[in-house]
file data-v5.cif (mmCIF, C-alpha atoms)
data_input
#
loop_
_atom_site.label_atom_id
_atom_site.label_comp_id
_atom_site.auth_asym_id
_atom_site.auth_seq_id
_atom_site.Cartn_x
_atom_site.Cartn_y
_atom_site.Cartn_z
CA MET L 1 0.00 0.00 0.00
CA LYS L 2 1.18 3.51 -0.76
CA LYS L 3 2.26 5.30 2.41
CA GLU L 4 0.13 8.37 1.61
CA LEU L 5 -2.96 6.21 1.24
CA PHE L 6 -2.18 4.44 4.51
CA PHE L 7 -1.87 7.77 6.34
CA GLU L 8 -5.18 8.94 4.89
CA GLN L 9 -6.90 5.74 5.92
CA LEU L 10 -5.44 5.94 9.42
CA GLN L 11 -6.79 9.47 9.69
CA GLU L 12 -10.20 8.24 8.55
CA ILE L 13 -10.30 5.22 10.89
CA MET L 14 -9.34 7.21 13.97
CA GLU L 15 -11.24 10.34 12.83
CA VAL L 16 -8.22 12.55 13.42
CA ASP L 17 -8.43 16.13 12.16
CA ASP L 18 -4.70 16.77 11.66
CA GLU L 19 -2.69 15.10 8.96
CA ILE L 20 -0.85 11.95 9.91
CA GLY L 21 2.72 11.10 8.91
CA GLU L 22 5.28 8.44 9.70
CA SER L 23 6.57 10.30 12.74
CA THR L 24 3.15 11.11 14.23
CA ASN L 25 3.14 10.04 17.86
CA LEU L 26 -0.01 7.98 18.33
CA LYS L 27 0.23 8.11 22.11
CA GLU L 28 -0.36 11.84 21.94
CA LEU L 29 -3.64 11.40 20.06
CA ASP L 30 -6.85 11.27 22.10
CA GLU L 31 -8.39 9.24 19.30
CA TYR L 32 -5.83 6.44 19.67
CA ASP L 33 -7.64 4.35 22.28
CA SER L 34 -8.44 0.68 22.84
CA LEU L 35 -11.34 0.78 20.36
CA ALA L 36 -9.07 2.40 17.76
CA VAL L 37 -6.63 -0.49 18.23
CA LEU L 38 -9.45 -2.96 17.53
CA SER L 39 -10.35 -1.02 14.36
CA LEU L 40 -6.70 -1.14 13.27
CA ILE L 41 -6.47 -4.90 13.85
CA ALA L 42 -9.52 -5.36 11.61
CA PHE L 43 -8.00 -2.96 9.06
CA PHE L 44 -4.67 -4.83 8.92
CA ASP L 45 -6.51 -8.11 8.58
CA GLU L 46 -8.69 -6.84 5.72
CA LYS L 47 -6.12 -4.84 3.74
CA PHE L 48 -2.91 -6.72 4.50
CA GLN L 49 -4.26 -10.18 5.32
CA LYS L 50 -2.15 -9.90 8.45
CA LYS L 51 -3.33 -10.96 11.89
CA VAL L 52 -1.82 -8.64 14.46
CA GLU L 53 -2.29 -9.41 18.15
CA ALA L 54 -3.56 -6.63 20.40
CA GLU L 55 -0.54 -7.01 22.66
CA SER L 56 1.77 -6.15 19.76
CA PHE L 57 0.38 -2.63 20.00
CA GLU L 58 1.88 -2.19 23.47
CA THR L 59 5.24 -1.16 22.03
CA VAL L 60 3.73 1.08 19.36
CA GLU L 61 4.36 4.78 19.79
CA THR L 62 4.61 6.28 16.31
CA VAL L 63 2.91 5.57 13.02
CA ARG L 64 6.23 4.10 11.89
CA ASP L 65 5.99 1.53 14.71
CA LEU L 66 2.49 0.74 13.54
CA MET L 67 3.71 0.14 10.00
CA GLY L 68 6.34 -2.16 11.46
CA LEU L 69 3.57 -4.43 12.73
CA VAL L 70 2.63 -5.42 9.18
CA GLY L 71 6.17 -4.99 7.81
CA MET L 72 7.72 -1.89 6.22
CA ASP L 73 8.12 -3.85 2.97
CA ARG L 74 4.33 -3.72 2.56
CA PHE L 75 4.45 0.05 1.98
CA SER L 76 5.72 1.99 -0.99
CA MET Z 1 -36.10 28.32 22.90
CA SER Z 2 -39.80 27.70 22.52
CA PRO Z 3 -41.00 24.09 22.63
CA GLN Z 4 -42.36 24.49 19.09
CA SER Z 5 -38.91 25.15 17.70
CA GLU Z 6 -36.82 22.79 19.79
CA LEU Z 7 -35.59 20.97 16.67
CA SER Z 8 -35.26 24.19 14.68
CA GLY Z 9 -32.77 23.85 11.81
CA LYS Z 10 -31.66 20.42 12.97
CA HIS Z 11 -31.05 17.86 10.23
CA ILE Z 12 -32.82 14.60 11.09
CA LEU Z 13 -32.77 11.45 9.01
CA VAL Z 14 -35.77 9.12 9.24
CA THR Z 15 -36.10 5.63 7.77
CA GLY Z 16 -39.46 4.04 7.17
CA ALA Z 17 -40.84 7.49 6.52
CA SER Z 18 -43.31 6.39 3.88
CA SER Z 19 -45.81 5.07 6.39
CA GLY Z 20 -46.94 4.52 9.95
CA ILE Z 21 -44.75 5.53 12.86
CA GLY Z 22 -41.89 6.74 10.64
CA ARG Z 23 -44.17 9.05 8.70
CA GLN Z 24 -45.64 10.46 11.91
CA CYS Z 25 -42.15 11.02 13.35
CA ALA Z 26 -41.30 12.99 10.21
CA ILE Z 27 -44.46 15.08 10.48
CA ALA Z 28 -43.88 15.83 14.16
CA ALA Z 29 -40.18 16.65 13.68
CA ALA Z 30 -40.99 19.02 10.80
CA GLN Z 31 -43.52 20.77 13.03
CA LYS Z 32 -40.72 21.34 15.54
CA GLY Z 33 -38.60 22.95 12.84
CA ALA Z 34 -36.33 20.05 11.79
CA VAL Z 35 -34.91 19.72 8.29
CA LEU Z 36 -35.57 16.16 7.21
CA THR Z 37 -34.04 13.48 5.07
CA LEU Z 38 -36.64 10.79 4.57
CA LEU Z 39 -35.87 7.27 3.46
CA GLY Z 40 -38.51 4.80 2.40
CA ARG Z 41 -39.07 2.02 -0.05
CA ASN Z 42 -42.20 3.41 -1.73
CA GLU Z 43 -41.61 6.60 -3.72
CA LYS Z 44 -45.25 7.53 -4.10
CA ARG Z 45 -45.94 7.22 -0.40
CA LEU Z 46 -42.73 9.07 0.48
CA GLU Z 47 -43.93 11.93 -1.69
CA GLU Z 48 -47.24 11.86 0.15
CA THR Z 49 -45.33 12.20 3.42
CA LEU Z 50 -43.32 15.08 1.97
CA LYS Z 51 -46.53 16.88 0.97
CA VAL Z 52 -47.94 16.89 4.49
CA LEU Z 53 -44.75 18.13 6.19
CA SER Z 54 -44.77 21.65 7.51
CA ARG Z 55 -42.13 23.69 5.79
CA GLN Z 56 -40.64 27.07 6.54
CA GLU Z 57 -38.39 28.78 4.02
CA ASP Z 58 -35.26 27.16 5.40
CA GLN Z 59 -36.69 23.66 5.67
CA ASN Z 60 -35.50 21.82 2.58
CA HIS Z 61 -36.75 18.32 3.26
CA ARG Z 62 -35.43 15.62 0.95
CA ILE Z 63 -36.71 12.17 0.11
CA PHE Z 64 -34.77 9.14 -1.10
CA THR Z 65 -36.22 5.83 -2.20
CA LEU Z 66 -34.23 2.72 -1.43
CA ASP Z 67 -34.47 -0.89 -0.49
CA LEU Z 68 -32.70 -1.05 2.87
CA THR Z 69 -31.61 -4.63 2.29
CA GLY Z 70 -29.35 -3.33 -0.51
CA PHE Z 71 -26.67 -2.35 2.01
CA GLY Z 72 -24.37 -1.07 -0.75
CA GLU Z 73 -26.91 1.62 -1.64
CA ILE Z 74 -26.91 3.09 1.84
CA LYS Z 75 -23.51 4.79 1.89
CA PRO Z 76 -23.81 6.92 -1.28
CA LEU Z 77 -27.28 7.93 -0.23
CA VAL Z 78 -26.24 8.97 3.27
CA GLN Z 79 -23.34 10.95 1.77
CA LYS Z 80 -25.73 12.71 -0.58
CA ALA Z 81 -28.05 13.57 2.32
CA LEU Z 82 -25.13 15.01 4.30
CA GLU Z 83 -23.99 17.09 1.32
CA LEU Z 84 -27.47 18.51 0.83
CA ASN Z 85 -28.59 19.12 4.40
CA GLY Z 86 -25.36 19.18 6.41
CA PRO Z 87 -24.32 17.23 9.51
CA VAL Z 88 -27.11 15.39 11.32
CA SER Z 89 -28.50 16.09 14.76
CA GLY Z 90 -30.81 13.11 14.76
CA PHE Z 91 -31.53 9.73 13.24
CA VAL Z 92 -34.74 7.73 13.62
CA HIS Z 93 -34.75 4.13 12.42
CA SER Z 94 -38.40 3.33 12.00
CA ALA Z 95 -38.16 1.04 8.98
CA GLY Z 96 -39.27 -2.39 10.00
CA VAL Z 97 -41.02 -5.51 8.89
CA GLU Z 98 -43.31 -7.74 10.89
CA LEU Z 99 -43.73 -11.47 10.59
CA THR Z 100 -45.98 -13.81 12.53
CA LEU Z 101 -44.92 -17.36 11.77
CA PRO Z 102 -44.50 -20.43 13.97
CA LEU Z 103 -40.90 -21.37 14.62
CA LYS Z 104 -41.26 -24.73 12.93
CA VAL Z 105 -41.80 -23.06 9.54
CA MET Z 106 -39.30 -20.21 9.98
CA SER Z 107 -36.39 -20.43 7.55
CA PRO Z 108 -33.01 -18.70 7.74
CA ASP Z 109 -34.29 -16.42 4.95
CA HIS Z 110 -37.17 -15.29 7.14
CA PHE Z 111 -34.74 -14.42 9.92
CA ASN Z 112 -32.36 -12.70 7.52
CA LYS Z 113 -35.06 -10.46 6.10
CA LEU Z 114 -36.28 -9.42 9.55
CA PHE Z 115 -32.77 -8.72 10.80
CA SER Z 116 -31.58 -6.99 7.60
CA ILE Z 117 -34.27 -4.34 7.70
CA ASN Z 118 -35.09 -4.09 11.39
CA VAL Z 119 -31.53 -4.20 12.68
CA THR Z 120 -28.59 -4.24 10.24
CA ALA Z 121 -29.78 -1.41 7.99
CA GLY Z 122 -30.36 0.83 11.02
CA PHE Z 123 -26.98 0.04 12.53
CA GLU Z 124 -25.27 0.58 9.17
CA ILE Z 125 -26.79 4.06 8.86
CA ALA Z 126 -25.84 4.82 12.48
CA ARG Z 127 -22.28 3.65 11.72
CA LEU Z 128 -22.01 5.95 8.71
CA LEU Z 129 -23.49 8.92 10.53
CA SER Z 130 -21.38 8.46 13.65
CA ASN Z 131 -18.21 9.78 12.00
CA LYS Z 132 -17.55 13.06 13.74
CA LYS Z 133 -17.52 15.01 10.49
CA ASN Z 134 -21.09 13.88 9.83
CA ILE Z 135 -22.63 15.00 13.10
CA SER Z 136 -23.66 18.27 14.62
CA ARG Z 137 -21.43 19.58 17.39
CA ASP Z 138 -24.28 20.52 19.69
CA GLY Z 139 -25.62 17.09 20.56
CA VAL Z 140 -26.88 14.21 18.50
CA SER Z 141 -29.65 11.69 19.16
CA PHE Z 142 -30.21 8.32 17.51
CA VAL Z 143 -33.58 6.64 18.12
CA PHE Z 144 -34.35 3.07 17.11
CA ILE Z 145 -37.99 2.04 16.99
CA SER Z 146 -38.02 -1.29 18.77
CA SER Z 147 -41.17 -2.85 20.21
CA VAL Z 148 -42.49 -4.25 23.47
CA MET Z 149 -41.86 -7.49 21.58
CA GLY Z 150 -38.16 -6.71 21.94
CA SER Z 151 -38.43 -7.50 25.65
CA LEU Z 152 -41.47 -9.78 25.79
CA GLY Z 153 -42.36 -12.90 23.90
CA ARG Z 154 -45.37 -14.03 21.93
CA PRO Z 155 -46.03 -17.26 20.03
CA GLY Z 156 -45.25 -16.98 16.33
CA LYS Z 157 -42.94 -14.02 16.88
CA VAL Z 158 -39.52 -15.59 17.44
CA GLY Z 159 -38.07 -13.73 14.46
CA TYR Z 160 -39.76 -10.40 15.11
CA CYS Z 161 -39.09 -10.46 18.87
CA SER Z 162 -35.44 -11.35 18.43
CA SER Z 163 -34.87 -8.61 15.85
CA LYS Z 164 -36.48 -5.97 18.06
CA GLY Z 165 -34.56 -7.24 21.09
CA ALA Z 166 -31.36 -6.87 19.07
CA LEU Z 167 -32.14 -3.17 18.67
CA ILE Z 168 -32.49 -2.69 22.42
CA ALA Z 169 -29.22 -4.48 23.21
CA GLY Z 170 -27.37 -2.89 20.30
CA ALA Z 171 -28.55 0.59 21.26
CA LYS Z 172 -27.08 0.16 24.74
CA ALA Z 173 -23.67 -0.84 23.40
CA MET Z 174 -23.82 1.95 20.84
CA ALA Z 175 -24.74 4.47 23.52
CA LEU Z 176 -21.57 3.62 25.43
CA GLU Z 177 -19.37 3.61 22.37
CA LEU Z 178 -20.64 6.91 21.00
CA ALA Z 179 -21.13 8.89 24.24
CA ALA Z 180 -17.73 10.56 23.90
CA LYS Z 181 -18.85 12.03 20.58
CA GLY Z 182 -21.96 13.51 22.17
CA ILE Z 183 -24.22 10.99 20.46
CA ARG Z 184 -27.10 9.67 22.55
CA VAL Z 185 -28.64 6.36 21.51
CA ASN Z 186 -32.03 5.12 22.69
CA CYS Z 187 -34.94 2.92 21.73
CA VAL Z 188 -38.65 3.53 21.80
CA SER Z 189 -40.70 0.39 22.29
CA PRO Z 190 -44.33 0.72 21.24
CA GLY Z 191 -47.12 -1.72 21.92
CA VAL Z 192 -49.55 -2.38 19.09
CA VAL Z 193 -50.09 0.84 17.15
CA GLU Z 194 -52.74 1.20 14.46
CA THR Z 195 -50.72 1.38 11.24
CA ALA Z 196 -50.90 -0.27 7.84
CA MET Z 197 -48.37 -2.86 9.08
CA THR Z 198 -50.44 -3.91 12.09
CA ARG Z 199 -53.68 -3.80 10.08
CA GLU Z 200 -52.12 -6.35 7.78
CA MET Z 201 -51.07 -8.44 10.77
CA PHE Z 202 -54.57 -8.18 12.27
CA ALA Z 203 -56.16 -9.19 8.99
CA GLY Z 204 -54.45 -12.56 9.30
CA LEU Z 205 -55.78 -13.19 12.80
CA PRO Z 206 -59.13 -14.55 13.95
CA GLU Z 207 -61.51 -12.00 15.49
CA ALA Z 208 -61.04 -13.48 18.98
CA SER Z 209 -57.26 -12.95 18.82
CA ARG Z 210 -57.70 -9.36 17.66
CA GLU Z 211 -60.00 -8.63 20.58
CA ALA Z 212 -57.54 -10.29 22.97
CA ILE Z 213 -54.70 -8.09 21.75
CA LYS Z 214 -56.83 -4.96 22.14
CA LYS Z 215 -57.70 -5.98 25.71
CA GLU Z 216 -54.03 -6.43 26.51
CA HIS Z 217 -53.58 -2.68 26.01
CA PRO Z 218 -55.33 -1.09 29.02
CA LEU Z 219 -55.31 2.32 27.31
CA GLY Z 220 -56.40 0.82 23.99
CA LEU Z 221 -54.31 0.44 20.85
CA GLY Z 222 -51.86 3.23 20.15
CA GLN Z 223 -51.78 5.81 17.39
CA PRO Z 224 -48.60 6.78 15.48
CA GLU Z 225 -48.79 10.21 17.20
CA ASP Z 226 -48.37 8.54 20.60
CA VAL Z 227 -45.04 7.05 19.54
CA ALA Z 228 -43.87 10.10 17.61
CA SER Z 229 -44.18 12.34 20.67
CA ALA Z 230 -41.85 10.02 22.61
CA VAL Z 231 -39.39 10.02 19.71
CA ILE Z 232 -39.46 13.82 19.48
CA PHE Z 233 -38.72 14.01 23.19
CA LEU Z 234 -35.65 11.77 22.80
CA LEU Z 235 -34.47 13.86 19.84
CA SER Z 236 -34.86 17.11 21.73
CA PRO Z 237 -32.34 18.91 23.96
CA GLY Z 238 -34.60 18.14 26.95
CA ALA Z 239 -33.43 14.53 26.77
CA ARG Z 240 -29.74 15.42 26.74
CA TRP Z 241 -28.93 13.23 29.79
CA ILE Z 242 -30.79 10.18 28.48
CA THR Z 243 -28.85 7.50 26.65
CA GLY Z 244 -28.82 3.71 26.39
CA THR Z 245 -32.41 3.36 27.47
CA ASP Z 246 -35.61 1.91 26.10
CA LEU Z 247 -38.68 4.12 26.40
CA VAL Z 248 -41.76 1.91 26.53
CA VAL Z 249 -44.88 3.47 24.97
CA ASP Z 250 -47.47 0.74 25.07
CA GLY Z 251 -50.73 1.83 26.69
CA GLY Z 252 -49.95 -0.39 29.66
CA TYR Z 253 -49.36 -3.60 27.70
CA SER Z 254 -46.18 -4.57 29.52
CA ALA Z 255 -47.57 -3.64 32.94
CA LEU Z 256 -50.05 -6.50 32.77
#

call {"tool": "encode", "arguments": {"input": "data-v5.cif", "output": "structure tokens"}}
result
Amino acid sequence: MKKELFFEQLQEIMEVDDEIGESTNLKELDEYDSLAVLSLIAFFDEKFQKKVEAESFETVETVRDLMGLVGMDRFS
Amino acid sequence: MSPQSELSGKHILVTGASSGIGRQCAIAAAQKGAVLTLLGRNEKRLEETLKVLSRQEDQNHRIFTLDLTGFGEIKPLVQKALELNGPVSGFVHSAGVELTLPLKVMSPDHFNKLFSINVTAGFEIARLLSNKKNISRDGVSFVFISSVMGSLGRPGKVGYCSSKGALIAGAKAMALELAAKGIRVNCVSPGVVETAMTREMFAGLPEASREAIKKEHPLGLGQPEDVASAVIFLLSPGARWITGTDLVVDGGYSAL
């Protein structure tokens, strides 16, 4: 998936007003809560056919970390 | 704010607006100043509803015909409604189908049809509307028309009762999930109301059963207006601390 598209979809899923980039710190976003994590798990499963466990999100701080969960090689 | 204008300028979307309770909700909301988007399956009857709505200069009511079981049609239509009338302040899911059939002859298709229209279509619209860019910032109210049958049983109503019960349970979960966005979610559960849908149901019953059902409503059978006034209350700012509940409007049916 193109990175720009991924950022747009992240913004849409979490309903964030400001633009999202690779270095965006998710922990600083009010919208990044436990329900958002569940939405992201479903999103990764649907778009990347990748099952990510909820506990993998514990180490996630930035959008880059999030991309690491499905593998950086999946983005262009 | 006068009680007559408590929904003034508010965009409210109503399903099942071509008849019965949905139509009456539309009429009552328009009287309170709301700008309406009406969804229904019958174009001619939707237009009849549109004709009887009160309309000030700034009330541009819109109607859309669709079959709610075509889930793919819902999103473009909701987007169109939002473009035309702006973010919503209210949503009333009154579309519903009734079925009285003994369990032994119920098929999965019967269940699917009941659940598709009564439950899934309503939740899909709520899902689409709940995005914060689609809702008004000064409070939003979703109202699902359930039924006393959503909490009580009756022979031949396994499908109908379970679909209406799903609305009550789903509305509670939705109320919790959407509270942070200022969206309140409630159900209204009517007893038997005299509408085209219940007339059809009554036509299939023996006279003795019809009389029995009437007697089970100590205040008599309801009128669409009786339900609409409860819905308007839940839509209005006066209900701003009410969410996740089921308002029973049944002429005493469930008190028996």

call {"tool": "residues_around", "arguments": {"input": "data-v5.cif", "residues": "Z:Leu84", "least_positions_apart": "3", "cutoff": "12 Å", "atoms": "all atoms listed in the file", "output": "count of residues only"}}
result
17

call {"tool": "resolve_selection", "arguments": {"input": "data-v5.cif", "expression": "the PyMOL selection byres ((chain Z) within 12 of (chain L))", "output": "PyMOL selection string"}}
result
chain Z and resi 128+130-134+176-178+180-181

call {"tool": "residues_around", "arguments": {"input": "data-v5.cif", "residues": "L:Glu61", "least_positions_apart": "2", "cutoff": "9 Å", "atoms": "all atoms listed in the file", "output": "VMD selection string"}}
result
chain L and resid 24 to 28 57 to 59 63 to 66

call {"tool": "atom_distance", "arguments": {"input": "data-v5.cif", "atom1": "atom CA of Z:Thr49", "atom2": "atom CA of Z:Ala95"}}
result
14.4 Å

call {"tool": "residues_around", "arguments": {"input": "data-v5.cif", "residues": "stretch 111-126 of chain Z", "least_positions_apart": "6", "cutoff": "8 Å", "atoms": "only C-alpha atoms", "output": "PyMOL selection string"}}
result
chain Z and resi 68-69+71+74-75+78+91+93+95-99+142+144+159-160+163-164+166-167

call {"tool": "resolve_selection", "arguments": {"input": "data-v5.cif", "expression": "the PyMOL selection byres ((chain L and resi 52-54) around 8)", "output": "list in words"}}
result
Val37, Leu38, Ile41, Phe44, Asp45, Lys50, Lys51, Glu55, Ser56, Phe57, Glu58, Leu69 and Val70 of chain L

call {"tool": "closest_residue", "arguments": {"input": "data-v5.cif", "among": "L:Ile20, L:Lys2, L:Thr62, L:Leu10", "to": "L:Leu40", "atoms": "all atoms listed in the file"}}
result
L:Leu10

call {"tool": "atom_distance", "arguments": {"input": "data-v5.cif", "atom1": "atom CA of Z:Val185", "atom2": "atom CA of Z:Met201"}}
result
28.9 Å

call {"tool": "atom_distance", "arguments": {"input": "data-v5.cif", "atom1": "atom CA of Z:Val192", "atom2": "atom CA of Z:Leu152"}}
result
12.8 Å

call {"tool": "resolve_selection", "arguments": {"input": "data-v5.cif", "expression": "the PyMOL selection byres ((chain Z and resi 240) around 10)", "output": "PyMOL selection string"}}
result
chain Z and resi 139-141+182-184+233-239+241-243

call {"tool": "residues_near_point", "arguments": {"input": "data-v5.cif", "point": "(-49.2, 16.7, 3.8)", "cutoff": "12 Å", "atoms": "all atoms listed in the file", "output": "MDAnalysis selection string"}}
result
chainID Z and resid 18 23:24 26:28 30:31 45:55

call {"tool": "axis_aligned_box", "arguments": {"input": "data-v5.cif", "around": "stretch 22-41 of chain Z", "padding_each_side": "8 Å", "output": "JSON"}}
result
{"center_x": -39.8, "center_y": 12.5, "center_z": 7.7, "size_x": 27.6, "size_y": 36.9, "size_z": 31.6}

call {"tool": "residues_around", "arguments": {"input": "data-v5.cif", "residues": "stretch 205-210 of chain Z", "least_positions_apart": "6", "cutoff": "12 Å", "atoms": "only C-alpha atoms", "output": "count of residues only"}}
result
9
